[in-house]
>>> print(open('start04.pdb').read())   # PDB, C-alpha atoms
ATOM      1  CA  MET A 480    -152.695  42.594  67.956  1.00  0.00           C
ATOM      2  CA  LEU A 481    -154.871  39.492  67.738  1.00  0.00           C
ATOM      3  CA  ASN A 482    -154.816  39.786  63.958  1.00  0.00           C
ATOM      4  CA  GLU A 483    -151.014  39.740  64.013  1.00  0.00           C
ATOM      5  CA  LEU A 484    -150.850  36.633  66.226  1.00  0.00           C
ATOM      6  CA  TYR A 485    -153.627  34.740  64.455  1.00  0.00           C
ATOM      7  CA  PRO A 486    -154.206  36.110  60.951  1.00  0.00           C
ATOM      8  CA  GLU A 487    -156.675  33.246  60.392  1.00  0.00           C
ATOM      9  CA  LEU A 488    -158.986  34.937  62.901  1.00  0.00           C
ATOM     10  CA  ALA A 489    -159.026  38.311  61.153  1.00  0.00           C
ATOM     11  CA  LEU A 490    -162.361  37.692  59.470  1.00  0.00           C
ATOM     12  CA  THR A 491    -163.779  36.124  62.619  1.00  0.00           C
ATOM     13  CA  VAL A 492    -162.774  39.146  64.687  1.00  0.00           C
ATOM     14  CA  LYS A 493    -164.463  41.500  62.226  1.00  0.00           C
ATOM     15  CA  ALA A 494    -167.559  39.300  62.170  1.00  0.00           C
ATOM     16  CA  TYR A 495    -167.575  39.252  65.972  1.00  0.00           C
ATOM     17  CA  GLU A 496    -167.369  43.038  66.139  1.00  0.00           C
ATOM     18  CA  LYS A 497    -170.290  43.336  63.721  1.00  0.00           C
ATOM     19  CA  LEU A 498    -172.371  40.799  65.644  1.00  0.00           C
ATOM     20  CA  THR A 499    -171.815  42.571  68.947  1.00  0.00           C
ATOM     21  CA  GLU A 500    -173.122  45.744  67.341  1.00  0.00           C
ATOM     22  CA  THR A 501    -176.292  44.111  66.033  1.00  0.00           C
ATOM     23  CA  VAL A 502    -177.113  41.264  68.450  1.00  0.00           C
ATOM     24  CA  GLY A 503    -175.345  41.979  71.714  1.00  0.00           C
ATOM     25  CA  MET A 504    -172.300  40.787  73.593  1.00  0.00           C
ATOM     26  CA  ASP A 505    -173.615  37.712  75.422  1.00  0.00           C
ATOM     27  CA  SER A 506    -174.828  35.635  72.502  1.00  0.00           C
ATOM     28  CA  THR A 507    -171.964  36.469  70.156  1.00  0.00           C
ATOM     29  CA  LEU A 508    -169.230  35.751  72.694  1.00  0.00           C
ATOM     30  CA  THR A 509    -170.134  32.060  72.601  1.00  0.00           C
ATOM     31  CA  ILE A 510    -170.002  32.019  68.809  1.00  0.00           C
ATOM     32  CA  PHE A 511    -166.652  33.817  68.820  1.00  0.00           C
ATOM     33  CA  TRP A 512    -165.043  31.349  71.240  1.00  0.00           C
ATOM     34  CA  GLU A 513    -166.349  28.414  69.213  1.00  0.00           C
ATOM     35  CA  GLN A 514    -164.594  29.880  66.173  1.00  0.00           C
ATOM     36  CA  VAL A 515    -161.388  30.417  68.170  1.00  0.00           C
ATOM     37  CA  ASN A 516    -161.452  26.766  69.217  1.00  0.00           C
ATOM     38  CA  VAL A 517    -161.961  25.631  65.612  1.00  0.00           C
ATOM     39  CA  VAL A 518    -158.932  27.638  64.487  1.00  0.00           C
ATOM     40  CA  ARG A 519    -156.821  26.304  67.354  1.00  0.00           C
ATOM     41  CA  LYS A 520    -157.732  22.715  66.480  1.00  0.00           C
ATOM     42  CA  ASP A 521    -156.868  23.355  62.840  1.00  0.00           C
ATOM     43  CA  LEU A 522    -153.511  24.821  63.832  1.00  0.00           C
ATOM     44  CA  LYS A 523    -152.725  21.811  66.017  1.00  0.00           C
ATOM     45  CA  LYS A 524    -153.630  19.426  63.196  1.00  0.00           C
ATOM     46  CA  SER A 525    -151.465  21.287  60.707  1.00  0.00           C
ATOM     47  CA  LYS A 526    -148.510  21.307  63.115  1.00  0.00           C
ATOM     48  CA  LYS A 527    -148.837  17.550  63.643  1.00  0.00           C
ATOM     49  CA  MET A 528    -148.835  16.955  59.880  1.00  0.00           C
ATOM     50  CA  ASN A 529    -145.613  18.935  59.432  1.00  0.00           C
TER      51      ASN A 529
END
>>> encode(input="start04.pdb", output="C-alpha cells")
Amino acid sequence: MLNELYPELALTVKAYEKLTETVGMDSTLTIFWEQVNVVRKDLKKSKKMN
C-alpha cells in the first residue's frame, strides 16, 4: 500500500526491508525515516513549483 501512495519510496522500502534483515530494526528505522523526510520535502518543493 505504501508503494501505491508514494511510488518514489518503492526502492527505499525494499532497501529498508533488506537492511532490517542484515543489520537489525533499530539502526535502519532511523535511516528509513530520514529517507521518508527527504521524499516529503521533495514533494512539497515540487508542489510549490507547480
>>> closest_residue(input="start04.pdb", among="A:Val515, A:Met528, A:Leu508, A:Val502", to="A:Ala489", atoms="all atoms listed in the file")
A:Val515
>>> resolve_selection(input="start04.pdb", expression="the PyMOL selection byres ((chain A and resi 488) around 12)", output="list in words")
Met480, Leu481, Asn482, Glu483, Leu484, Tyr485, Pro486, Glu487, Ala489, Leu490, Thr491, Val492, Lys493, Ala494, Tyr495, Phe511, Trp512, Glu513, Gln514, Val515, Asn516, Val517, Val518, Arg519, Asp521 and Leu522 of chain A
>>> axis_aligned_box(input="start04.pdb", around="stretch 509-516 of chain A", padding_each_side="4 Å", output="JSON")
{"center_x": -165.8, "center_y": 30.3, "center_z": 69.4, "size_x": 16.7, "size_y": 15.1, "size_z": 14.4}
